[in-house]
Structures are given as C-alpha cells and as structure tokens.
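Peer 1: Supplied structure: data_12.cif, mmCIF, N, CA and C atoms.
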data_work
#
loop_
_atom_site.label_atom_id
_atom_site.label_comp_id
_atom_site.auth_asym_id
_atom_site.auth_seq_id
_atom_site.Cartn_x
_atom_site.Cartn_y
_atom_site.Cartn_z
N MET A 14 -8.44 -3.35 -46.34
CA MET A 14 -9.39 -2.92 -45.34
C MET A 14 -8.63 -2.08 -44.30
N LYS A 15 -9.12 -0.92 -44.02
CA LYS A 15 -8.49 -0.04 -43.04
C LYS A 15 -9.01 -0.34 -41.65
N ARG A 16 -8.11 -0.23 -40.67
CA ARG A 16 -8.52 -0.35 -39.26
C ARG A 16 -8.49 1.03 -38.67
N ARG A 17 -9.50 1.37 -37.93
CA ARG A 17 -9.59 2.67 -37.29
C ARG A 17 -9.71 2.51 -35.79
N GLN A 18 -9.24 3.51 -35.08
CA GLN A 18 -9.37 3.51 -33.63
C GLN A 18 -10.30 4.65 -33.25
N VAL A 19 -11.31 4.33 -32.46
CA VAL A 19 -12.29 5.31 -32.03
C VAL A 19 -12.17 5.50 -30.53
N VAL A 20 -12.13 6.75 -30.10
CA VAL A 20 -12.07 7.07 -28.68
C VAL A 20 -13.36 7.78 -28.33
N ILE A 21 -14.09 7.23 -27.37
CA ILE A 21 -15.36 7.80 -26.92
C ILE A 21 -15.17 8.28 -25.50
N LYS A 22 -15.42 9.55 -25.25
CA LYS A 22 -15.32 10.08 -23.89
C LYS A 22 -16.72 10.28 -23.35
N GLN A 23 -16.94 9.77 -22.15
CA GLN A 23 -18.24 9.89 -21.52
C GLN A 23 -18.07 10.39 -20.10
N ARG A 24 -19.03 11.14 -19.62
CA ARG A 24 -19.05 11.59 -18.23
C ARG A 24 -20.28 10.99 -17.59
N LYS A 25 -20.08 9.93 -16.84
CA LYS A 25 -21.17 9.25 -16.15
C LYS A 25 -20.69 8.87 -14.77
N SER A 26 -21.62 8.75 -13.85
CA SER A 26 -21.23 8.39 -12.49
C SER A 26 -21.20 6.89 -12.27
N SER A 27 -21.82 6.11 -13.15
CA SER A 27 -21.86 4.67 -12.92
C SER A 27 -21.61 3.88 -14.21
N TYR A 28 -20.56 4.18 -14.93
CA TYR A 28 -20.24 3.48 -16.17
C TYR A 28 -19.01 2.63 -15.93
N THR A 29 -19.11 1.33 -16.16
CA THR A 29 -17.96 0.45 -15.98
C THR A 29 -17.80 -0.44 -17.19
N THR A 30 -16.57 -0.69 -17.56
CA THR A 30 -16.24 -1.62 -18.62
C THR A 30 -14.81 -2.07 -18.42
N THR A 31 -14.44 -3.20 -18.98
CA THR A 31 -13.10 -3.71 -18.76
C THR A 31 -12.07 -3.00 -19.63
N SER A 32 -12.48 -2.35 -20.70
CA SER A 32 -11.54 -1.71 -21.61
C SER A 32 -11.57 -0.19 -21.48
N SER A 33 -11.73 0.31 -20.27
CA SER A 33 -11.78 1.75 -20.08
C SER A 33 -10.85 2.18 -18.97
N SER A 34 -10.50 3.46 -19.01
CA SER A 34 -9.76 4.06 -17.92
C SER A 34 -10.56 5.25 -17.44
N SER A 35 -10.54 5.52 -16.15
CA SER A 35 -11.36 6.62 -15.65
C SER A 35 -10.59 7.44 -14.64
N ASN A 36 -10.92 8.70 -14.60
CA ASN A 36 -10.37 9.63 -13.63
C ASN A 36 -11.52 10.12 -12.76
N VAL A 37 -11.31 10.15 -11.46
CA VAL A 37 -12.34 10.59 -10.53
C VAL A 37 -11.90 11.91 -9.92
N ARG A 38 -12.79 12.88 -9.95
CA ARG A 38 -12.56 14.18 -9.31
C ARG A 38 -13.71 14.44 -8.36
N TYR A 39 -13.43 15.13 -7.29
CA TYR A 39 -14.48 15.54 -6.36
C TYR A 39 -14.56 17.06 -6.46
N VAL A 40 -15.71 17.55 -6.87
CA VAL A 40 -15.88 18.98 -7.12
C VAL A 40 -16.68 19.63 -6.00
N GLU A 41 -17.59 20.51 -6.29
CA GLU A 41 -18.21 21.36 -5.28
C GLU A 41 -18.84 20.61 -4.10
N CYS A 42 -18.72 21.23 -2.93
CA CYS A 42 -19.26 20.67 -1.70
C CYS A 42 -20.77 20.88 -1.67
N GLN A 43 -21.50 19.83 -1.31
CA GLN A 43 -22.96 19.90 -1.29
C GLN A 43 -23.52 19.74 0.12
N LYS A 44 -22.68 19.90 1.13
CA LYS A 44 -23.15 19.74 2.50
C LYS A 44 -24.08 20.90 2.87
N ASN A 45 -25.24 20.57 3.41
CA ASN A 45 -26.21 21.58 3.84
C ASN A 45 -25.90 21.94 5.29
N HIS A 46 -25.32 23.10 5.49
CA HIS A 46 -24.92 23.53 6.83
C HIS A 46 -26.09 24.05 7.67
N ALA A 47 -27.22 24.31 7.04
CA ALA A 47 -28.38 24.83 7.77
C ALA A 47 -29.50 23.81 7.91
N ALA A 48 -29.19 22.54 7.74
CA ALA A 48 -30.22 21.50 7.80
C ALA A 48 -30.84 21.40 9.19
N ASN A 49 -30.05 21.63 10.24
CA ASN A 49 -30.59 21.49 11.59
C ASN A 49 -31.61 22.56 11.96
N ILE A 50 -31.67 23.66 11.21
CA ILE A 50 -32.67 24.69 11.48
C ILE A 50 -33.73 24.75 10.38
N GLY A 51 -33.71 23.76 9.47
CA GLY A 51 -34.72 23.66 8.43
C GLY A 51 -34.42 24.49 7.20
N GLY A 52 -33.22 24.98 7.04
CA GLY A 52 -32.87 25.80 5.88
C GLY A 52 -31.94 25.07 4.93
N TYR A 53 -31.40 25.84 4.01
CA TYR A 53 -30.44 25.29 3.06
C TYR A 53 -29.34 26.31 2.83
N ALA A 54 -28.11 25.94 3.15
CA ALA A 54 -26.96 26.81 2.94
C ALA A 54 -25.73 25.95 2.70
N VAL A 55 -25.03 26.22 1.60
CA VAL A 55 -23.77 25.52 1.32
C VAL A 55 -22.64 26.52 1.52
N ASP A 56 -21.42 26.00 1.73
CA ASP A 56 -20.30 26.88 2.07
C ASP A 56 -19.58 27.47 0.87
N GLY A 57 -19.84 27.01 -0.34
CA GLY A 57 -19.23 27.58 -1.53
C GLY A 57 -17.91 26.95 -1.93
N CYS A 58 -17.50 25.88 -1.26
CA CYS A 58 -16.26 25.19 -1.61
C CYS A 58 -16.43 24.60 -3.01
N ARG A 59 -15.52 24.90 -3.92
CA ARG A 59 -15.66 24.51 -5.32
C ARG A 59 -14.96 23.21 -5.70
N GLU A 60 -13.95 22.77 -4.92
CA GLU A 60 -13.23 21.55 -5.27
C GLU A 60 -12.58 20.95 -4.03
N PHE A 61 -12.63 19.63 -3.94
CA PHE A 61 -12.05 18.91 -2.81
C PHE A 61 -10.53 18.94 -2.89
N MET A 62 -9.89 19.31 -1.78
CA MET A 62 -8.43 19.25 -1.66
C MET A 62 -8.13 18.47 -0.38
N ALA A 63 -7.42 17.36 -0.51
CA ALA A 63 -7.13 16.50 0.64
C ALA A 63 -6.26 17.23 1.66
N SER A 64 -6.56 17.03 2.94
CA SER A 64 -5.79 17.66 4.02
C SER A 64 -4.50 16.91 4.32
N GLY A 65 -4.46 15.62 4.01
CA GLY A 65 -3.29 14.81 4.33
C GLY A 65 -2.88 13.92 3.19
N GLY A 66 -1.90 13.10 3.46
CA GLY A 66 -1.36 12.19 2.46
C GLY A 66 -2.27 11.00 2.19
N GLU A 67 -2.04 10.35 1.08
CA GLU A 67 -2.82 9.17 0.68
C GLU A 67 -2.71 8.08 1.73
N GLY A 68 -3.84 7.49 2.11
CA GLY A 68 -3.85 6.41 3.08
C GLY A 68 -4.09 6.86 4.51
N THR A 69 -4.16 8.15 4.77
CA THR A 69 -4.43 8.66 6.11
C THR A 69 -5.88 9.12 6.21
N TYR A 70 -6.36 9.32 7.42
CA TYR A 70 -7.72 9.82 7.62
C TYR A 70 -7.86 11.22 7.04
N ASP A 71 -6.81 12.03 7.14
CA ASP A 71 -6.86 13.40 6.63
C ASP A 71 -7.00 13.45 5.11
N ALA A 72 -6.70 12.37 4.42
CA ALA A 72 -6.86 12.33 2.97
C ALA A 72 -8.34 12.39 2.59
N LEU A 73 -9.24 12.08 3.51
CA LEU A 73 -10.68 12.11 3.26
C LEU A 73 -11.34 13.39 3.74
N THR A 74 -10.56 14.31 4.31
CA THR A 74 -11.08 15.58 4.81
C THR A 74 -10.61 16.71 3.91
N CYS A 75 -11.53 17.60 3.53
CA CYS A 75 -11.20 18.70 2.64
C CYS A 75 -10.45 19.79 3.40
N ALA A 76 -9.33 20.24 2.85
CA ALA A 76 -8.53 21.29 3.47
C ALA A 76 -9.24 22.65 3.39
N ALA A 77 -10.08 22.85 2.38
CA ALA A 77 -10.74 24.14 2.19
C ALA A 77 -11.95 24.33 3.11
N CYS A 78 -12.80 23.29 3.23
CA CYS A 78 -14.05 23.48 3.99
C CYS A 78 -14.15 22.59 5.23
N GLY A 79 -13.28 21.59 5.36
CA GLY A 79 -13.31 20.72 6.53
C GLY A 79 -14.32 19.59 6.47
N CYS A 80 -15.02 19.45 5.36
CA CYS A 80 -16.03 18.40 5.20
C CYS A 80 -15.38 17.10 4.74
N HIS A 81 -16.09 15.99 4.94
CA HIS A 81 -15.65 14.69 4.43
C HIS A 81 -15.79 14.69 2.91
N ARG A 82 -14.97 13.89 2.25
CA ARG A 82 -14.98 13.82 0.79
C ARG A 82 -16.34 13.42 0.24
N ASN A 83 -17.13 12.64 0.97
CA ASN A 83 -18.45 12.20 0.49
C ASN A 83 -19.43 13.35 0.27
N PHE A 84 -19.21 14.50 0.90
CA PHE A 84 -20.09 15.64 0.70
C PHE A 84 -19.82 16.35 -0.63
N HIS A 85 -18.71 16.05 -1.26
CA HIS A 85 -18.36 16.67 -2.53
C HIS A 85 -18.90 15.84 -3.68
N ARG A 86 -19.42 16.52 -4.70
CA ARG A 86 -19.99 15.82 -5.85
C ARG A 86 -18.89 15.09 -6.60
N ARG A 87 -19.13 13.82 -6.87
CA ARG A 87 -18.14 12.96 -7.55
C ARG A 87 -18.35 13.09 -9.05
N GLU A 88 -17.27 13.35 -9.76
CA GLU A 88 -17.32 13.47 -11.20
C GLU A 88 -16.35 12.45 -11.80
N VAL A 89 -16.88 11.57 -12.65
CA VAL A 89 -16.08 10.52 -13.26
C VAL A 89 -15.96 10.81 -14.74
N GLU A 90 -14.73 10.86 -15.23
CA GLU A 90 -14.50 11.01 -16.66
C GLU A 90 -13.95 9.69 -17.16
N THR A 91 -14.70 9.05 -18.06
CA THR A 91 -14.35 7.72 -18.54
C THR A 91 -13.96 7.80 -20.01
N GLU A 92 -12.90 7.13 -20.35
CA GLU A 92 -12.47 7.06 -21.75
C GLU A 92 -12.53 5.60 -22.18
N VAL A 93 -13.31 5.32 -23.22
CA VAL A 93 -13.47 3.96 -23.73
C VAL A 93 -12.81 3.91 -25.11
N VAL A 94 -11.94 2.95 -25.32
CA VAL A 94 -11.25 2.81 -26.60
C VAL A 94 -11.75 1.55 -27.28
N CYS A 95 -12.24 1.71 -28.51
CA CYS A 95 -12.75 0.58 -29.30
C CYS A 95 -12.02 0.56 -30.62
N GLU A 96 -11.70 -0.61 -31.08
CA GLU A 96 -11.14 -0.76 -32.42
C GLU A 96 -12.12 -1.52 -33.28
N TYR A 97 -12.34 -1.03 -34.48
CA TYR A 97 -13.25 -1.71 -35.39
C TYR A 97 -12.80 -1.50 -36.83
N SER A 98 -13.28 -2.36 -37.70
CA SER A 98 -13.04 -2.22 -39.14
C SER A 98 -14.36 -1.88 -39.79
N PRO A 99 -14.40 -0.79 -40.56
CA PRO A 99 -15.67 -0.42 -41.21
C PRO A 99 -16.06 -1.46 -42.26
N PRO A 100 -17.36 -1.64 -42.49
CA PRO A 100 -17.81 -2.61 -43.49
C PRO A 100 -17.32 -2.22 -44.89
N SER A 101 -16.98 -3.21 -45.67
CA SER A 101 -16.47 -2.95 -47.03
C SER A 101 -17.58 -2.81 -48.04
#
Would you kindly transcribe this structure into structure tokens?

Peer 2:
Amino acid sequence: MKRRQVVIKQRKSSYTTTSSSSNVRYVECQKNHAANIGGYAVDGCREFMASGGEGTYDALTCAACGCHRNFHRREVETEVVCEYSPPS
C-alpha cells in the first residue's frame, strides 16, 4: 500500500486547523478619505509596510500612506498538509 502526501493551499480569511501553517499579508489600503464629505476616495496604497520595528506602535502604521494596519485588506494564505492511504 502506498502512502501519499497531499498539500492543499487555500486562501481564506477565517480558516483554522491544528495541522496548518499560514502567512498573513496586508495588501491594499481601503480607508475612505472622503467619508466626512459623503464621498468615496482611497489613496492607492497597494501594500502595507510597517513604519517601525516589531513590537512598537510604529509597526502598526503604514510607512507609505500613514494609515493603521487595520485599514489594509488582510490576506491569509493557508497550507494544510494531509497524509492518507488510497483505498486498495
């Protein structure tokens, strides 16, 4: 009987399992800069870049647009590894 290893890659924002590893990226800024006048305008920032080192307040501020990290769309790439034996 052969054993095979299957790797499944999924992109979901809320997928959790004990046998997975995930990478989190913060991509384009979605802050509406014209909300106070009833409009919609984003600044065009394409990816979050931390202003400071890990563990500081500046690590949560984007160096490109000055917005908090929460305004950037969160993208989670999850890799799930399963081992199974095919039926004989």

Peer 1: Could you tell me which residues the PyMOL selection byres (((chain A and resi 38-54 and name CA) around 6) and name CA) returns for this structure, as a PyMOL selection string?

Peer 2: chain A and resi 37+55+58-61+84-88

Peer 1: Please compute the atom C of Thr91 (chain A)-atom N of Asn36 (chain A) distance, one decimal, in Å.

Peer 2: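 The value is 6.3 Å.
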
Peer 1: What's the separation between atom C of Ala76 (chain A) and CA of Ser64 (chain A), in Å to one decimal place?

Peer 2: 6.1 Å

Peer 1: Going by DSSP on the backbone, which residues of region 48-84 of chain A come out as strand (DSSP E or B)? List them as a list in words.

Peer 2: Ala63, Thr74, Cys75 and His81 of chain A

Peer 1: Pull N, CA and C atoms from the residues just selected and write them as a compact mmCIF listing (two decimals), keeping the file's coordinate frame.

Peer 2:
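See again06.txt below for the written result:
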# COMPACT_ATOMS: atom_id res chain seq x y z
N ALA A 63 -7.42 17.36 -0.51
CA ALA A 63 -7.13 16.50 0.64
C ALA A 63 -6.26 17.23 1.66
N THR A 74 -10.56 14.31 4.31
CA THR A 74 -11.08 15.58 4.81
C THR A 74 -10.61 16.71 3.91
N CYS A 75 -11.53 17.60 3.53
CA CYS A 75 -11.20 18.70 2.64
C CYS A 75 -10.45 19.79 3.40
N HIS A 81 -16.09 15.99 4.94
CA HIS A 81 -15.65 14.69 4.43
C HIS A 81 -15.79 14.69 2.91

Peer 1: For a test of reading the model, state the distance in Å between CA of Thr69 (chain A) and CA of Glu92 (chain A), rounded to one decimal.

Peer 2: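 That distance, rounded to one decimal, is 29.0 Å.
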
Peer 1: Could you pull out the helix (DSSP H, G or I) residues of region 23-98 of chain A, going by DSSP on the backbone, and write them as a ChimeraX atom specification?

Peer 2: /A:48-50,70-73,82-84

Peer 1: Find the residues near Arg82 (chain A): any atom within 6.5 Å, counting all atoms listed in the file, skip ones fewer than 6 places away on the same chain, and give them as a ChimeraX atom specification.

Peer 2: /A:73-75

Peer 1: Can you tell me, as AutoDock Vina command-line options, the centre and edge lengths (Å, one decimal) of the axis-aligned box enclosing all of region 42-46 of chain A's listed atoms after padding each side by 4 Å?

Peer 2:
--center_x -22.5 --center_y 21.9 --center_z 2.4 --size_x 15.5 --size_y 12.3 --size_z 18.6

Peer 1: Which residue is closest to Cys78 (chain A)? Choose from A:Val93, A:Pro99, A:Asp56, A:Gly66 and count all atoms listed in the file.

Peer 2: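 Ranking A:Val93, A:Pro99, A:Asp56, A:Gly66 by distance to Cys78 (chain A), first place goes to A:Asp56.
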